[in-house]
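Here's query.csv, which has CSV, C-alpha atoms and all ligand atoms:
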chain,number,residue,atom,x,y,z
A,188,MET,CA,-8.7,4.0,-17.8
A,189,ALA,CA,-6.0,3.9,-20.4
A,190,SER,CA,-6.1,0.7,-22.4
A,191,GLY,CA,-3.7,-1.9,-21.0
A,192,PRO,CA,-0.1,-1.9,-22.2
A,193,GLY,CA,1.9,-4.9,-23.4
A,194,LEU,CA,4.8,-6.2,-21.4
A,195,LYS,CA,8.1,-7.9,-22.2
A,196,ILE,CA,9.7,-9.5,-19.2
A,197,SER,CA,13.2,-11.0,-19.3
A,198,ILE,CA,14.8,-11.6,-16.0
A,199,ASP,CA,18.2,-13.2,-16.3
A,200,GLU,CA,18.7,-13.4,-12.6
A,201,LYS,CA,17.3,-11.9,-9.3
A,202,ARG,CA,19.3,-12.7,-6.3
A,203,TYR,CA,18.8,-11.1,-2.9
A,204,PRO,CA,21.9,-9.9,-1.1
A,205,GLY,CA,23.4,-12.6,1.1
A,206,SER,CA,21.3,-15.3,-0.5
A,207,THR,CA,23.2,-18.4,-1.7
A,208,ALA,CA,20.8,-19.0,-4.6
A,209,PRO,CA,18.9,-16.7,-7.0
A,210,THR,CA,15.1,-16.3,-6.4
A,211,LEU,CA,14.4,-16.0,-10.2
A,212,SER,CA,16.4,-17.1,-13.1
A,213,GLY,CA,15.8,-17.2,-16.9
A,214,PHE,CA,12.3,-15.9,-16.5
A,215,LYS,CA,10.9,-14.8,-19.9
A,216,ALA,CA,7.3,-13.8,-20.7
A,217,GLU,CA,5.4,-11.6,-23.1
A,218,ILE,CA,2.1,-10.2,-21.8
A,219,ALA,CA,-0.5,-9.2,-24.4
A,220,PRO,CA,-2.1,-5.8,-24.0
A,221,GLY,CA,-5.4,-6.0,-22.1
A,222,SER,CA,-4.9,-9.6,-21.0
A,223,VAL,CA,-5.2,-11.1,-17.5
A,224,THR,CA,-2.3,-13.3,-16.7
A,225,ALA,CA,-2.2,-15.4,-13.6
A,226,ILE,CA,1.2,-16.2,-12.2
A,227,LEU,CA,0.7,-19.3,-10.2
A,228,GLY,CA,3.1,-20.9,-7.8
A,229,PRO,CA,3.5,-21.9,-4.1
A,230,SER,CA,4.2,-19.4,-1.3
A,231,GLY,CA,7.8,-18.3,-1.2
A,232,ILE,CA,8.7,-19.1,-4.8
A,233,GLY,CA,9.2,-15.5,-5.9
A,234,LYS,CA,5.9,-14.1,-7.2
A,235,SER,CA,5.9,-10.9,-5.2
A,236,THR,CA,9.5,-10.4,-6.1
A,237,LEU,CA,8.5,-10.6,-9.7
A,238,LEU,CA,5.7,-8.1,-9.3
A,239,ARG,CA,8.0,-5.6,-7.6
A,240,ILE,CA,10.4,-5.9,-10.5
A,241,ILE,CA,7.6,-5.4,-13.0
A,242,ALA,CA,6.4,-2.4,-11.0
A,243,GLY,CA,9.9,-0.8,-11.3
A,244,ILE,CA,10.2,-0.8,-7.5
A,245,ASP,CA,13.0,-3.4,-7.4
A,246,ARG,CA,15.7,-2.6,-9.9
A,247,ASP,CA,18.4,-4.8,-8.4
A,248,TYR,CA,18.3,-7.7,-11.0
A,249,SER,CA,19.9,-8.5,-14.3
A,250,GLY,CA,17.6,-8.4,-17.3
A,251,HIS,CA,14.9,-6.1,-18.8
A,252,VAL,CA,11.3,-5.4,-18.3
A,253,THR,CA,9.5,-3.1,-20.7
A,254,ILE,CA,6.0,-1.7,-20.6
A,255,ASN,CA,4.8,-0.6,-24.0
A,256,GLY,CA,8.4,-0.6,-25.0
A,257,GLN,CA,9.5,1.6,-22.1
A,258,PRO,CA,11.8,0.4,-19.3
A,259,ALA,CA,9.6,-0.5,-16.3
A,260,ALA,CA,11.4,1.9,-14.0
A,261,GLU,CA,10.5,4.8,-16.4
A,262,ALA,CA,6.9,3.8,-17.1
A,263,ALA,CA,3.8,5.2,-15.4
A,264,PRO,CA,3.5,3.5,-12.0
A,265,PRO,CA,1.0,0.6,-12.1
A,266,GLY,CA,-1.9,0.1,-9.8
A,267,PHE,CA,-1.3,-2.3,-7.0
A,268,LEU,CA,-3.7,-4.4,-5.0
A,269,PHE,CA,-2.3,-6.3,-2.0
A,270,GLN,CA,-3.5,-9.0,0.3
A,271,ASP,CA,-4.7,-6.5,2.8
A,272,PRO,CA,-6.4,-3.2,2.0
A,273,ARG,CA,-3.7,-1.0,3.6
A,274,LEU,CA,-6.1,2.0,4.0
A,275,LEU,CA,-4.9,4.9,6.1
A,276,PRO,CA,-7.4,5.1,9.0
A,277,TRP,CA,-7.3,8.9,9.4
A,278,LEU,CA,-8.3,9.5,5.7
A,279,THR,CA,-11.7,9.2,4.1
A,280,ALA,CA,-12.2,6.6,1.3
A,281,LEU,CA,-11.8,9.5,-1.2
A,282,ASP,CA,-8.6,10.7,0.3
A,283,ASN,CA,-7.3,7.1,0.6
A,284,VAL,CA,-7.9,6.7,-3.2
A,285,ARG,CA,-6.0,10.0,-3.8
A,286,THR,CA,-2.9,8.5,-2.1
A,287,ALA,CA,-2.5,6.3,-5.1
A,288,GLY,CA,0.0,8.8,-6.6
A,289,VAL,CA,0.9,12.4,-7.0
A,290,GLY,CA,-1.8,14.4,-8.7
A,291,VAL,CA,-4.8,12.1,-8.4
A,292,SER,CA,-7.6,14.6,-8.6
A,293,ILE,CA,-10.8,14.5,-6.7
A,294,GLU,CA,-12.6,13.8,-9.9
A,295,GLN,CA,-10.3,10.8,-10.8
A,296,ALA,CA,-10.8,9.4,-7.3
A,297,ILE,CA,-14.6,9.7,-7.5
A,298,VAL,CA,-14.6,7.9,-10.9
A,299,ALA,CA,-12.4,5.1,-9.4
A,300,LEU,CA,-14.7,4.8,-6.4
A,301,GLY,CA,-17.7,4.7,-8.8
A,302,LYS,CA,-16.1,1.7,-10.7
A,303,THR,CA,-16.0,-0.2,-7.4
A,304,GLY,CA,-19.5,0.8,-6.4
A,305,LEU,CA,-18.4,3.1,-3.6
A,306,ALA,CA,-19.4,6.5,-5.0
A,307,GLY,CA,-21.8,7.0,-2.1
A,308,GLN,CA,-19.2,6.1,0.5
A,309,ALA,CA,-16.5,8.6,-0.6
A,310,SER,CA,-16.6,10.6,2.7
A,311,LEU,CA,-16.6,7.6,5.1
A,312,TYR,CA,-13.5,6.6,7.0
A,313,PRO,CA,-12.1,3.0,6.9
A,314,HIS,CA,-13.6,2.0,10.2
A,315,GLN,CA,-17.1,3.0,8.9
A,316,LEU,CA,-16.6,0.7,5.9
A,317,SER,CA,-17.4,-3.1,5.9
A,318,GLY,CA,-14.6,-5.5,5.1
A,319,GLY,CA,-15.9,-5.8,1.5
A,320,MET,CA,-16.0,-2.0,1.1
A,321,GLN,CA,-12.5,-1.7,2.4
A,322,ARG,CA,-11.3,-4.1,-0.3
A,323,ARG,CA,-13.2,-2.2,-2.9
A,324,ALA,CA,-11.7,1.1,-1.8
A,325,ALA,CA,-8.3,-0.5,-2.1
A,326,LEU,CA,-9.2,-1.6,-5.7
A,327,ALA,CA,-10.4,1.9,-6.4
A,328,ARG,CA,-7.0,3.2,-5.3
A,329,ALA,CA,-5.3,0.8,-7.7
A,330,LEU,CA,-7.6,2.0,-10.5
A,331,ALA,CA,-7.2,5.7,-9.7
A,332,LEU,CA,-3.7,6.1,-11.3
A,333,ASN,CA,-5.3,5.3,-14.6
A,334,ALA,CA,-2.1,3.4,-15.7
A,335,GLY,CA,-3.9,0.6,-17.5
A,336,LEU,CA,-1.7,-1.9,-15.7
A,337,LEU,CA,-2.9,-3.6,-12.5
A,338,LEU,CA,-0.8,-5.8,-10.4
A,339,LEU,CA,-2.7,-8.0,-8.0
A,340,ASP,CA,-0.7,-9.7,-5.2
A,341,GLU,CA,-2.8,-12.5,-3.7
A,342,PRO,CA,-5.8,-10.2,-3.3
A,343,PHE,CA,-8.2,-12.9,-2.2
A,344,VAL,CA,-6.2,-14.5,0.6
A,345,SER,CA,-8.0,-14.6,4.0
A,346,LEU,CA,-11.4,-13.3,2.6
A,347,ASP,CA,-14.6,-15.2,3.3
A,348,ARG,CA,-16.3,-16.9,0.4
A,349,ALA,CA,-18.9,-14.2,-0.2
A,350,LEU,CA,-16.3,-11.6,-0.4
A,351,VAL,CA,-14.1,-13.6,-2.7
A,352,GLU,CA,-17.1,-13.9,-5.0
A,353,GLU,CA,-17.8,-10.2,-4.8
A,354,MET,CA,-14.2,-9.4,-5.7
A,355,TYR,CA,-14.0,-11.9,-8.5
A,356,ASN,CA,-17.2,-10.4,-10.1
A,357,LEU,CA,-15.9,-6.9,-9.6
A,358,ILE,CA,-12.5,-7.5,-11.2
A,359,ALA,CA,-14.1,-9.5,-14.0
A,360,SER,CA,-16.4,-6.6,-14.8
A,361,ILE,CA,-13.5,-4.1,-14.7
A,362,ALA,CA,-11.5,-6.4,-17.0
A,363,ALA,CA,-14.4,-6.5,-19.5
A,364,SER,CA,-15.3,-2.8,-19.4
A,365,ASP,CA,-11.8,-1.1,-19.1
A,366,GLY,CA,-9.5,-3.6,-20.7
A,367,PRO,CA,-6.5,-3.1,-18.4
A,368,THR,CA,-3.6,-5.4,-18.5
A,369,MET,CA,-3.6,-7.4,-15.3
A,370,LEU,CA,-1.1,-9.6,-13.6
A,371,LEU,CA,-2.5,-11.7,-10.8
A,372,VAL,CA,-0.1,-13.4,-8.5
A,373,THR,CA,-1.7,-16.3,-6.6
A,374,HIS,CA,-1.2,-19.8,-5.3
A,375,MET,CA,-4.9,-20.7,-5.9
A,376,ALA,CA,-5.9,-22.4,-9.2
A,377,GLU,CA,-9.4,-21.1,-8.7
A,378,ASP,CA,-8.3,-17.5,-8.9
A,379,ALA,CA,-6.7,-18.2,-12.3
A,380,ALA,CA,-9.7,-20.2,-13.5
A,381,ARG,CA,-12.1,-17.4,-12.6
A,382,LEU,CA,-10.1,-14.4,-13.9
A,383,ALA,CA,-7.2,-15.2,-16.2
A,384,ASN,CA,-6.8,-15.6,-20.0
A,385,ASN,CA,-3.2,-16.9,-19.5
A,386,VAL,CA,-1.7,-18.9,-16.7
A,387,LEU,CA,2.1,-19.0,-16.1
A,388,ILE,CA,3.0,-21.8,-13.7
A,389,LEU,CA,6.1,-21.1,-11.7
A,390,SER,CA,8.1,-23.8,-10.0
A,391,GLY,CA,11.6,-24.7,-9.0
A,392,ARG,CA,14.3,-22.8,-7.1
A,393,PRO,CA,15.3,-20.5,-8.7
A,394,ALA,CA,11.8,-20.1,-10.1
A,395,THR,CA,11.1,-20.4,-13.8
A,396,ILE,CA,8.0,-20.8,-15.9
A,397,THR,CA,7.5,-24.5,-16.2
A,398,ASP,CA,4.1,-24.5,-17.9
A,399,GLN,CA,1.8,-22.1,-19.6
A,400,LEU,CA,-1.9,-22.4,-20.3
A,401,THR,CA,-4.4,-20.4,-22.3
A,402,LEU,CA,-7.9,-20.2,-20.9
A,403,SER,CA,-9.9,-19.1,-23.9
A,404,ALA,CA,-13.5,-18.7,-22.5
A,405,PRO,CA,-14.4,-15.0,-22.0
A,406,ILE,CA,-13.8,-14.2,-18.3
A,407,ALA,CA,-17.3,-12.7,-17.8
A,408,GLU,CA,-19.0,-15.8,-19.3
A,409,ARG,CA,-17.4,-18.6,-17.3
A,410,ASP,CA,-20.0,-20.7,-15.5
A,411,SER,CA,-19.3,-23.1,-12.7
A,412,ASN,CA,-18.7,-26.0,-15.1
A,413,ALA,CA,-16.1,-24.1,-17.1
A,414,ILE,CA,-14.4,-22.9,-13.9
A,415,ALA,CA,-14.3,-26.5,-12.5
A,416,ARG,CA,-12.8,-27.7,-15.8
A,417,TYR,CA,-10.2,-25.0,-15.8
A,418,VAL,CA,-9.3,-25.7,-12.1
A,419,GLU,CA,-8.8,-29.4,-13.0
A,420,MET,CA,-6.7,-28.5,-16.0
A,421,ILE,CA,-4.5,-26.2,-14.0
A,422,GLU,CA,-4.1,-28.6,-11.1
A,423,THR,CA,-3.2,-31.5,-13.5
A,424,THR,CA,-0.6,-29.3,-15.2
A,425,ARG,CA,1.0,-28.1,-12.0
A,426,ASP,CA,1.4,-31.5,-10.5
B,501,LIG,P1,6.0,-15.3,-3.0
B,501,LIG,O1,5.5,-14.0,-3.4
B,501,LIG,O2,5.9,-16.3,-4.1
B,501,LIG,O3,5.5,-15.9,-1.7
B,501,LIG,P2,8.5,-13.8,-2.5
B,501,LIG,O4,8.8,-13.1,-3.8
B,501,LIG,O5,7.9,-13.0,-1.4
B,501,LIG,O6,7.6,-15.1,-2.8
B,501,LIG,O7,9.8,-14.4,-1.9
B,501,LIG,C1,10.6,-15.3,-2.7
B,501,LIG,C2,11.9,-15.7,-2.0
B,501,LIG,O8,12.7,-14.5,-1.8
B,501,LIG,C3,11.6,-16.2,-0.5
B,501,LIG,O9,12.5,-17.3,-0.3
B,501,LIG,C4,11.9,-15.0,0.3
B,501,LIG,O10,12.4,-15.4,1.6
B,501,LIG,C5,13.0,-14.3,-0.4
B,501,LIG,N1,12.9,-12.8,-0.2
B,501,LIG,C6,11.8,-12.0,-0.4
B,501,LIG,N2,12.1,-10.8,-0.1
B,501,LIG,C7,13.4,-10.8,0.4
B,501,LIG,C8,14.3,-9.8,0.9
B,501,LIG,N3,13.9,-8.5,0.9
B,501,LIG,N4,15.5,-10.1,1.3
B,501,LIG,C9,15.9,-11.4,1.2
B,501,LIG,N5,15.1,-12.4,0.7
B,501,LIG,C10,13.9,-12.1,0.3

Just dump the structure as C-alpha cells.
Amino acid sequence: MASGPGLKISIDEKRYPGSTAPTLSGFKAEIAPGSVTAILGPSGIGKSTLLRIIAGIDRDYSGHVTINGQPAAEAAPPGFLFQDPRLLPWLTALDNVRTAGVGVSIEQAIVALGKTGLAGQASLYPHQLSGGMQRRAALARALALNAGLLLLDEPFVSLDRALVEEMYNLIASIAASDGPTMLLVTHMAEDAARLANNVLILSGRPATITDQLTLSAPIAERDSNAIARYVEMIETTRD
C-alpha cells in the first residue's frame, strides 16, 4: 500500500438543501501522514457527511479539503469501510474486492485478501463466508485500491464482541505494517482508545471540533490498562 497521505480539511460550511441550519461549520483539521484519527461524536452530528466530503463524493460545501496538497475531488479515491460489509452476493470474495475501483487487478485483489487473512477464501461467495470473513472481505476491498487513505465509517457497530476484537486487531496490524492514513468515524470511545493516535471530538449543531486528544501509546502495544485509561480520558473530555 502507498504510504498514507497528509490531509488538510477546512470546511467553512456544509448545509443540506432545504435544511434550516448547516450540518458542519468552521471545521478545520490537519491529519498527519500515516496517522489514525478518530472522529468521535453522537449519531446524527455529521460524521458521515464529513467522510463523504473528504472522499470527494460530496462537493456541495464551502471550503477546501486537500489530500497530499491535491483537492480531494481530484485525488485517488480512498478505501471505504462501512457499518455493513455491502458485498455483492453473486460475486466471489475475489471479485467483490475487485469492485473497489476500475482496474483493480486479480493480483492486487489477492494481495488485499491476504492482508485480511482470506487468501484461501478468494473463490468463495459471500453466503459461504462467516460474518467475520465477510467483514474482512470488505476491509480487503477497502485496501485493494492501494490509495493509502482509509475511511472507516462506524465499522464495528452491531458486531459481537469476538468480532470487534478480531477487527480491532486486524486494523491495528494493518496500521502498523502498511502505515495508511486512517480516519475512523465512531460514537464509541473504545474504538478511539484501541485504534487512534488522535481524537477529534465533535459536538454542537452545526458540528465543530470542541476538543482534541493525542493518544501517544503505540497502537499495537496498548494493553487493557492503557485502553481503559484512554477510554476514561476521552469520556471525561467529551462530557
Ligand atoms: P452521523 O454520521 O454523525 O450520524 P450524518 O452525517 O449522517 O451524521 O448526518 C448529519 C445530519 O445531516 C443529520 O441531521 C442528517 O439528518 C443530515 N443529513 C445527512 N444526509 C442528508 C441528506 N442527504 N439530506 C439532508 N440531510 C441529511

Please compute the CA of Ala334 (chain A)-CA of Pro229 (chain A) distance, one decimal, in Å.
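Between these atoms lies a distance of 28.4 Å.
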
- Near Ala309 (chain A), counting only C-alpha atoms, which residues have an atom at most 7 Å away, once you skip same-chain residues fewer than 2 positions from it, shown as number ranges by chain? A: 279-281, 305-307, 311

Please produce a file of the residues just selected, as an mmCIF file, keeping the file's coordinate frame, where the atoms kept are C-alpha atoms.
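And here's part28.cif as it stands now:
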data_model
loop_
_atom_site.group_PDB
_atom_site.id
_atom_site.type_symbol
_atom_site.label_atom_id
_atom_site.label_comp_id
_atom_site.auth_asym_id
_atom_site.auth_seq_id
_atom_site.Cartn_x
_atom_site.Cartn_y
_atom_site.Cartn_z
ATOM 1 C CA THR A 279 -11.700 9.200 4.100
ATOM 2 C CA ALA A 280 -12.200 6.600 1.300
ATOM 3 C CA LEU A 281 -11.800 9.500 -1.200
ATOM 4 C CA LEU A 305 -18.400 3.100 -3.600
ATOM 5 C CA ALA A 306 -19.400 6.500 -5.000
ATOM 6 C CA GLY A 307 -21.800 7.000 -2.100
ATOM 7 C CA LEU A 311 -16.600 7.600 5.100
#

Mind listing the residues within 6 Å of ligand LIG 501 (chain B), only C-alpha atoms and all ligand atoms counted, as a PyMOL selection string?
chain A and resi 203+210+230-236

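Within 9 Å of the file-frame point (4.2, -0.8, -24.6), and using all atoms listed in the file, the polymer residues found are A:Gly191, A:Pro192, A:Gly193, A:Leu194, A:Lys195, A:Pro220, A:Thr253, A:Ile254, A:Asn255, A:Gly256, A:Gln257.
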
So which residues are close to (-12.0, -3.9, -15.3), meaning at most 10 Å away in the file's coordinates with only C-alpha atoms counted, and can you show them as a ChimeraX atom specification? /A:188,221,302-303,330,335,337,356-369

Supply region 405-419 of chain A as a PDB file, in the coordinates of the input, with N, CA, C and O atoms built in where the input has gaps.
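That gives us result.pdb:
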ATOM      1  N   PRO A 405     -14.347 -16.414 -22.531  1.00  0.00           N
ATOM      2  CA  PRO A 405     -14.400 -15.000 -22.000  1.00  0.00           C
ATOM      3  C   PRO A 405     -14.621 -15.030 -20.503  1.00  0.00           C
ATOM      4  O   PRO A 405     -15.468 -15.778 -19.997  1.00  0.00           O
ATOM      5  N   ILE A 406     -13.868 -14.178 -19.807  1.00  0.00           N
ATOM      6  CA  ILE A 406     -13.800 -14.200 -18.300  1.00  0.00           C
ATOM      7  C   ILE A 406     -15.246 -14.001 -17.745  1.00  0.00           C
ATOM      8  O   ILE A 406     -15.645 -14.702 -16.824  1.00  0.00           O
ATOM      9  N   ALA A 407     -15.987 -13.059 -18.318  1.00  0.00           N
ATOM     10  CA  ALA A 407     -17.300 -12.700 -17.800  1.00  0.00           C
ATOM     11  C   ALA A 407     -18.340 -13.828 -18.014  1.00  0.00           C
ATOM     12  O   ALA A 407     -19.411 -13.819 -17.415  1.00  0.00           O
ATOM     13  N   GLU A 408     -18.018 -14.752 -18.928  1.00  0.00           N
ATOM     14  CA  GLU A 408     -19.000 -15.800 -19.300  1.00  0.00           C
ATOM     15  C   GLU A 408     -18.740 -17.141 -18.735  1.00  0.00           C
ATOM     16  O   GLU A 408     -19.355 -18.120 -19.150  1.00  0.00           O
ATOM     17  N   ARG A 409     -17.784 -17.262 -17.816  1.00  0.00           N
ATOM     18  CA  ARG A 409     -17.400 -18.600 -17.300  1.00  0.00           C
ATOM     19  C   ARG A 409     -18.456 -19.046 -16.261  1.00  0.00           C
ATOM     20  O   ARG A 409     -18.635 -18.392 -15.241  1.00  0.00           O
ATOM     21  N   ASP A 410     -19.095 -20.176 -16.542  1.00  0.00           N
ATOM     22  CA  ASP A 410     -20.000 -20.700 -15.500  1.00  0.00           C
ATOM     23  C   ASP A 410     -19.279 -21.697 -14.652  1.00  0.00           C
ATOM     24  O   ASP A 410     -18.089 -21.936 -14.836  1.00  0.00           O
ATOM     25  N   SER A 411     -19.997 -22.261 -13.685  1.00  0.00           N
ATOM     26  CA  SER A 411     -19.300 -23.100 -12.700  1.00  0.00           C
ATOM     27  C   SER A 411     -18.685 -24.342 -13.352  1.00  0.00           C
ATOM     28  O   SER A 411     -17.631 -24.814 -12.918  1.00  0.00           O
ATOM     29  N   ASN A 412     -19.285 -24.858 -14.446  1.00  0.00           N
ATOM     30  CA  ASN A 412     -18.700 -26.000 -15.100  1.00  0.00           C
ATOM     31  C   ASN A 412     -17.367 -25.649 -15.777  1.00  0.00           C
ATOM     32  O   ASN A 412     -16.372 -26.375 -15.668  1.00  0.00           O
ATOM     33  N   ALA A 413     -17.354 -24.495 -16.461  1.00  0.00           N
ATOM     34  CA  ALA A 413     -16.100 -24.100 -17.100  1.00  0.00           C
ATOM     35  C   ALA A 413     -15.028 -23.812 -16.099  1.00  0.00           C
ATOM     36  O   ALA A 413     -13.864 -24.200 -16.300  1.00  0.00           O
ATOM     37  N   ILE A 414     -15.409 -23.230 -14.973  1.00  0.00           N
ATOM     38  CA  ILE A 414     -14.400 -22.900 -13.900  1.00  0.00           C
ATOM     39  C   ILE A 414     -13.846 -24.226 -13.355  1.00  0.00           C
ATOM     40  O   ILE A 414     -12.631 -24.375 -13.194  1.00  0.00           O
ATOM     41  N   ALA A 415     -14.743 -25.194 -13.088  1.00  0.00           N
ATOM     42  CA  ALA A 415     -14.300 -26.500 -12.500  1.00  0.00           C
ATOM     43  C   ALA A 415     -13.331 -27.177 -13.511  1.00  0.00           C
ATOM     44  O   ALA A 415     -12.317 -27.764 -13.114  1.00  0.00           O
ATOM     45  N   ARG A 416     -13.659 -27.092 -14.798  1.00  0.00           N
ATOM     46  CA  ARG A 416     -12.800 -27.700 -15.800  1.00  0.00           C
ATOM     47  C   ARG A 416     -11.434 -27.049 -15.849  1.00  0.00           C
ATOM     48  O   ARG A 416     -10.399 -27.711 -15.923  1.00  0.00           O
ATOM     49  N   TYR A 417     -11.430 -25.735 -15.764  1.00  0.00           N
ATOM     50  CA  TYR A 417     -10.200 -25.000 -15.800  1.00  0.00           C
ATOM     51  C   TYR A 417      -9.328 -25.312 -14.517  1.00  0.00           C
ATOM     52  O   TYR A 417      -8.117 -25.472 -14.583  1.00  0.00           O
ATOM     53  N   VAL A 418     -10.009 -25.387 -13.368  1.00  0.00           N
ATOM     54  CA  VAL A 418      -9.300 -25.700 -12.100  1.00  0.00           C
ATOM     55  C   VAL A 418      -8.591 -27.054 -12.276  1.00  0.00           C
ATOM     56  O   VAL A 418      -7.405 -27.214 -11.950  1.00  0.00           O
ATOM     57  N   GLU A 419      -9.329 -28.018 -12.815  1.00  0.00           N
ATOM     58  CA  GLU A 419      -8.800 -29.400 -13.000  1.00  0.00           C
ATOM     59  C   GLU A 419      -7.574 -29.343 -13.940  1.00  0.00           C
ATOM     60  O   GLU A 419      -6.522 -29.944 -13.696  1.00  0.00           O
TER      61      GLU A 419
END
